[in-house]
Structures are given as C-alpha cells and as structure tokens.
$ cat protein_26.tsv   # TSV, C-alpha atoms
chain	number	residue	atom	x	y	z
A	271	MET	CA	57.26	-182.29	162.40
A	272	ASN	CA	60.57	-183.03	160.70
A	273	ASP	CA	58.80	-183.21	157.34
A	274	LEU	CA	57.19	-179.82	157.99
A	275	PHE	CA	60.53	-178.19	158.77
A	276	ARG	CA	62.03	-179.85	155.69
A	277	GLN	CA	59.34	-178.29	153.51
A	278	LEU	CA	59.54	-174.87	155.17
A	279	PHE	CA	63.31	-174.61	154.69
A	280	SER	CA	63.82	-176.47	151.44
A	281	PHE	CA	64.85	-174.54	148.33
A	282	PRO	CA	63.29	-172.16	147.40
A	283	THR	CA	60.68	-172.11	150.20
A	284	GLY	CA	63.40	-171.48	152.79
A	285	ILE	CA	64.23	-168.13	151.16
A	286	PHE	CA	60.63	-166.97	151.44
A	287	SER	CA	60.33	-168.40	154.98
A	288	VAL	CA	63.22	-166.25	156.20
A	289	LEU	CA	61.90	-163.18	154.37
A	290	LEU	CA	58.40	-163.78	155.73
A	291	ALA	CA	59.77	-163.88	159.27
A	292	LEU	CA	61.51	-160.54	158.67
A	293	VAL	CA	58.29	-159.09	157.22
A	294	ALA	CA	56.33	-160.23	160.29
A	295	CYS	CA	58.88	-158.56	162.59
A	296	TYR	CA	58.73	-155.37	160.50
A	297	TRP	CA	54.93	-155.12	160.71
A	298	LEU	CA	54.99	-155.75	164.44
A	299	LEU	CA	57.40	-152.82	164.80
A	300	VAL	CA	55.16	-150.66	162.56
A	301	ILE	CA	52.13	-151.50	164.71
A	302	ALA	CA	54.16	-150.66	167.83
A	303	GLY	CA	55.11	-147.32	166.24
A	304	ALA	CA	58.86	-148.07	166.19
A	305	LEU	CA	59.17	-148.01	162.38
A	306	ASP	CA	57.65	-145.94	159.61
A	307	LEU	CA	55.21	-147.50	157.15
A	308	ASP	CA	57.39	-146.34	154.27
A	309	LEU	CA	60.71	-147.90	155.25
A	310	PHE	CA	62.36	-146.75	152.02
A	311	GLU	CA	61.51	-143.08	152.46
A	312	VAL	CA	64.55	-140.87	151.83
A	313	PRO	CA	65.50	-138.74	154.87
A	314	GLU	CA	64.65	-135.11	154.39
A	315	GLY	CA	67.55	-133.12	152.97
A	316	ALA	CA	69.25	-136.17	151.44
A	317	ASP	CA	70.64	-135.61	147.95
A	318	THR	CA	69.55	-138.47	145.69
A	319	ASP	CA	69.55	-136.58	142.35
A	320	GLY	CA	66.09	-138.02	141.72
A	321	PHE	CA	67.38	-141.61	141.65
A	322	HIS	CA	65.30	-142.77	144.62
A	323	ASP	CA	61.94	-141.63	143.24
A	324	GLY	CA	62.81	-142.72	139.71
A	325	PHE	CA	63.90	-146.19	140.83
A	326	PHE	CA	60.79	-146.93	142.87
A	327	ASP	CA	58.53	-145.37	140.25
A	328	ALA	CA	60.08	-147.75	137.71
A	329	LEU	CA	59.17	-150.64	140.00
A	330	LEU	CA	55.63	-149.60	140.90
A	331	ASN	CA	54.34	-147.71	137.86
A	332	PRO	CA	54.14	-150.74	135.50
A	333	LEU	CA	52.09	-152.55	138.15
A	334	GLY	CA	49.73	-149.63	138.67
A	335	LEU	CA	50.90	-149.22	142.27
A	336	LYS	CA	52.43	-145.74	142.20
A	337	GLY	CA	51.87	-143.94	145.49
A	338	ILE	CA	51.68	-147.11	147.60
A	339	PRO	CA	54.53	-147.52	150.12
A	340	LEU	CA	56.92	-150.12	148.70
A	341	THR	CA	56.86	-152.18	151.89
A	342	ILE	CA	53.23	-153.16	151.30
A	343	PRO	CA	53.60	-154.77	147.83
A	344	LEU	CA	56.91	-156.30	148.92
A	345	SER	CA	55.22	-157.91	151.92
A	346	LEU	CA	52.46	-159.36	149.73
A	347	LEU	CA	54.97	-160.52	147.13
A	348	ILE	CA	56.86	-162.46	149.81
A	349	LEU	CA	53.63	-163.90	151.25
A	350	PHE	CA	52.33	-165.07	147.85
A	351	GLY	CA	55.77	-166.36	146.89
A	352	TRP	CA	55.99	-168.35	150.12
A	353	VAL	CA	52.58	-169.98	149.53
A	354	VAL	CA	53.38	-170.85	145.90
A	355	SER	CA	56.79	-172.31	146.72
A	356	LEU	CA	55.42	-174.30	149.66
A	357	VAL	CA	52.64	-175.80	147.55
A	358	GLY	CA	54.94	-176.30	144.57
A	359	ASN	CA	57.43	-178.32	146.59
A	360	ASN	CA	54.77	-181.01	146.95
A	361	PHE	CA	55.15	-181.67	143.21
A	362	SER	CA	58.94	-181.89	143.25
A	363	GLY	CA	58.92	-185.68	143.06
A	364	TRP	CA	56.84	-185.64	139.87
A	365	PHE	CA	59.17	-183.18	138.13
A	366	ILE	CA	62.30	-185.03	139.23
A	367	ALA	CA	60.79	-188.20	137.77
A	368	LEU	CA	60.71	-186.33	134.45
A	369	LYS	CA	64.51	-185.91	134.68
A	370	LEU	CA	64.27	-182.33	135.95
A	371	THR	CA	66.87	-182.17	138.71
A	372	GLY	CA	66.06	-180.89	142.16
A	373	ILE	CA	68.14	-177.74	141.66
A	374	ALA	CA	66.55	-177.02	138.28
A	375	PHE	CA	63.10	-177.55	139.76
A	376	GLY	CA	63.91	-175.25	142.67
A	377	CYS	CA	65.09	-172.47	140.35
A	378	ALA	CA	62.00	-172.85	138.15
A	379	LEU	CA	59.75	-172.81	141.22
A	380	LEU	CA	61.51	-169.71	142.54
A	381	LEU	CA	60.86	-167.91	139.24
A	382	VAL	CA	57.19	-168.96	139.22
A	383	ALA	CA	56.78	-167.90	142.86
A	384	LEU	CA	58.25	-164.45	142.12
A	385	ILE	CA	56.01	-163.96	139.09
A	386	VAL	CA	52.89	-165.05	140.99
A	387	GLY	CA	53.97	-162.89	143.94
A	388	VAL	CA	54.33	-159.77	141.81
A	389	LEU	CA	51.05	-160.32	139.96
A	390	GLY	CA	49.22	-161.29	143.14
A	391	ALA	CA	50.42	-158.18	144.98
A	392	ALA	CA	49.47	-155.94	142.04
A	393	LEU	CA	45.98	-157.41	141.63
A	394	THR	CA	45.34	-157.28	145.38
A	395	LEU	CA	46.46	-153.69	145.89
A	396	ARG	CA	45.20	-151.93	142.75
A	397	PRO	CA	41.63	-151.53	144.09
A	398	PHE	CA	43.07	-149.85	147.21
A	399	ARG	CA	45.45	-147.47	145.44
A	400	SER	CA	43.28	-144.44	146.18
A	401	VAL	CA	43.61	-145.13	149.91
A	402	PHE	CA	47.33	-144.37	149.68
A	403	ALA	CA	47.00	-141.36	147.38
A	404	VAL	CA	49.05	-138.39	148.54
A	405	HIS	CA	46.90	-135.38	149.40
A	406	GLN	CA	47.48	-132.23	147.39
A	407	ALA	CA	49.09	-129.29	149.19
A	408	GLU	CA	45.88	-127.26	149.19
A	409	GLU	CA	44.04	-130.16	150.89
A	410	ASN	CA	46.83	-130.63	153.40
A	411	SER	CA	46.81	-126.94	154.26
A	412	SER	CA	43.36	-127.44	155.79
A	413	LEU	CA	44.98	-129.53	158.54
A	414	VAL	CA	47.29	-126.71	159.64
A	415	GLY	CA	46.22	-125.54	163.07
A	416	LYS	CA	44.68	-128.87	164.05
A	417	ILE	CA	45.70	-131.04	166.98
A	418	CYS	CA	46.97	-134.52	166.09
A	419	THR	CA	47.76	-137.61	168.16
A	420	VAL	CA	51.21	-139.17	167.73
A	421	THR	CA	51.16	-142.86	166.77
A	422	THR	CA	54.91	-143.54	166.77
A	423	GLN	CA	57.37	-143.92	169.60
A	424	ARG	CA	59.17	-140.72	168.66
A	425	VAL	CA	58.93	-137.68	166.41
A	426	ASP	CA	62.03	-135.95	165.09
A	427	GLU	CA	63.26	-134.22	161.94
A	428	ARG	CA	63.25	-137.48	159.93
A	429	PHE	CA	60.56	-139.67	161.44
A	430	GLY	CA	57.07	-139.57	162.89
A	431	GLN	CA	53.41	-140.26	162.23
A	432	ALA	CA	50.22	-138.96	163.79
A	433	GLU	CA	46.48	-139.47	163.50
A	434	ILE	CA	43.96	-136.70	163.03
A	435	PRO	CA	41.31	-137.16	165.79
A	436	GLY	CA	37.85	-137.97	164.50
A	437	THR	CA	39.22	-139.42	161.26
A	438	SER	CA	41.19	-142.45	160.14
A	439	LEU	CA	43.77	-140.18	158.50
A	440	VAL	CA	47.39	-140.91	159.47
A	441	VAL	CA	49.91	-138.30	158.34
A	442	GLN	CA	53.67	-137.91	158.33
A	443	VAL	CA	54.85	-135.42	160.96
A	444	ARG	CA	58.25	-133.92	161.77
A	445	CYS	CA	59.62	-131.92	164.70
A	446	PRO	CA	63.24	-130.73	164.35
A	447	GLN	CA	63.52	-129.48	167.92
A	448	PRO	CA	64.17	-131.76	170.93
A	449	ASN	CA	60.86	-132.96	172.32
A	450	ASP	CA	59.09	-135.60	174.42
A	451	LEU	CA	56.56	-136.55	171.75
A	452	ARG	CA	55.71	-140.24	171.82
A	453	ARG	CA	52.77	-142.54	171.12
A	454	GLY	CA	49.61	-140.94	172.51
A	455	SER	CA	51.07	-137.43	172.80
A	456	GLN	CA	49.22	-134.50	171.27
A	457	ALA	CA	50.89	-132.05	168.90
A	458	LEU	CA	49.85	-128.95	167.01
A	459	ILE	CA	50.24	-128.92	163.23
A	460	PHE	CA	51.62	-125.51	162.24
A	461	GLU	CA	52.98	-126.03	158.72
A	462	TYR	CA	52.93	-128.37	155.72
A	463	ASP	CA	56.07	-129.04	153.68
A	464	PRO	CA	55.08	-130.14	150.14
A	465	ALA	CA	58.63	-131.19	149.27
A	466	ALA	CA	58.89	-133.53	152.24
A	467	GLU	CA	55.18	-134.43	152.13
A	468	ALA	CA	55.08	-134.05	155.91
A	469	PHE	CA	53.61	-131.73	158.53
A	470	SER	CA	55.69	-129.76	161.00
A	471	VAL	CA	54.40	-130.06	164.55
A	472	ASN	CA	55.10	-128.79	168.04
A	473	PRO	CA	54.11	-130.40	171.34
A	474	VAL	CA	50.81	-128.93	172.50
A	475	SER	CA	52.40	-127.69	175.74
A	476	ASP	CA	54.96	-125.68	173.72
A	477	SER	CA	52.27	-124.20	171.47
A	478	ILE	CA	50.02	-122.80	174.19
$ encode --input "protein_26.tsv" --output "structure tokens"
Amino acid sequence: MNDLFRQLFSFPTGIFSVLLALVACYWLLVIAGALDLDLFEVPEGADTDGFHDGFFDALLNPLGLKGIPLTIPLSLLILFGWVVSLVGNNFSGWFIALKLTGIAFGCALLLVALIVGVLGAALTLRPFRSVFAVHQAEENSSLVGKICTVTTQRVDERFGQAEIPGTSLVVQVRCPQPNDLRRGSQALIFEYDPAAEAFSVNPVSDSI
C-alpha cells in the first residue's frame, strides 16, 4: 500500500493524480447538473475583444478539435498523462542507473506524458467531432416553440442546459427572469440567440 501511494504521488505522477481527482469531481458535478459542460464558456455580455475565442481556437484548431468543449480534451489529456507517468515511473531505476538524475527523469517523463496526453486526446476525439458541432441558426430555429426538459440544477441568464424530449439533443438554455426551473422542469423555447449560441426559455407554467 505504501508503495502504491509512493507511485501515485511521486513526481510527476502526483501532479496528474491531483488533476485527475479534480477532473473526477468536475464530471460528477456535470452529471448532477451543477456545472456546465463547457466550463470555459464566456458569460453572455462579457467583453473579451475576441481573445477568448481566439485563444481556445489556437489550442484546438491544430489538433482538429474545434467545436469540442475544452473540458473534454483536457480531461482526456490528464487521464492519458496520468497513465503514462504512472507506467513510466516503473522505469525510473533504469534511467537513474544511466546517470540521469531523478529530477531530470521526472521532467522528461512529464514532457512525454503531456505529449502523449495531447496526441491521445486528439486521436480519441477527432472521430466524434461532428457530435459536438454547433447547429446553424436556421436549424436551431426549428426548435423554437418546443418544450424542453431542464437537465441542470438551475437556469438563469448565464447558465442552463436542457434536453429535447424524444431526442438525445442537449442544448444551452437561458432565462433572465427569476424562475424555479431546475432538473426535471419543463420549459418552453421561445427564441434562439445566435451570438450566445443558446435558447431563451420560460417555465411552461408562465407560458400558458
């Protein structure tokens, strides 16, 4: 047991172990509906001068992952990096015997783990890129007037997701007015905002 903990928290595996624990907590909160899938989404109305989109596009475009929420490739990067660093630490004795110090080996292993993590995430997600493709405005307009089911714990002017009944489509929804919308509540889609890439909704009881 002591040897296991030593491996899990040795350098650089310890870095990935901590990050992996945070990733696990994040996905549990996403499943519970407490957090949005796209954690790095800019709040509506925020002035970023295009930096936000340009920065993340610069990260994802070279990997062929544009359109995929950044949290997904980041989670896979951390997972792959953790596996590589954990396995790589088993060879530390051999490298140290070749006069490569423990710190130097750890830094080299960290670099290899990051490279494998990035490539592994890219290769894993590329076939599924179309799943995350943003619908065009004319396609989204067809959902206006439909009833959706809220999948998050709240819906306000900056946060919220809902599922279209009879489909597996989960969309971003917003409701600027005070409301009691929560997971399982039904809401009426009355407008689509192309700039925010989100639907405006009202509680069904308020729309009748």
$ closest_residue --input "protein_26.tsv" --among "A:Gln447, A:Thr422, A:Asn472, A:Ser455" --to "Ile301 in chain A" --atoms "only C-alpha atoms"
A:Thr422
$ closest_residue --input "protein_26.tsv" --among "A:Val293, A:Cys418, A:Leu389, A:Arg424" --to "Leu439 in chain A" --atoms "all atoms listed in the file"
A:Cys418
$ residues_around --input "protein_26.tsv" --residues "Ser345 in chain A" --least-positions-apart "4" --cutoff "9 Å" --atoms "only C-alpha atoms" --output "ChimeraX atom specification"
/A:289-290,293-294,340-341,349-350,391
$ atom_distance --input "protein_26.tsv" --atom1 "CA of Leu393 in chain A" --atom2 "CA of Trp352 in chain A"
17.1 Å
$ atom_distance --input "protein_26.tsv" --atom1 "CA of Pro343 in chain A" --atom2 "CA of Arg399 in chain A"
11.2 Å
$ atom_distance --input "protein_26.tsv" --atom1 "CA of Asn410 in chain A" --atom2 "CA of Cys445 in chain A"
17.1 Å
$ closest_residue --input "protein_26.tsv" --among "A:Pro332, A:Gly376, A:Pro339, A:Gly415" --to "Phe281 in chain A" --atoms "all atoms listed in the file"
A:Gly376
$ residues_around --input "protein_26.tsv" --residues "Leu458 in chain A" --least-positions-apart "5" --cutoff "10 Å" --atoms "only C-alpha atoms" --output "PyMOL selection string"
chain A and resi 413-419+469-478
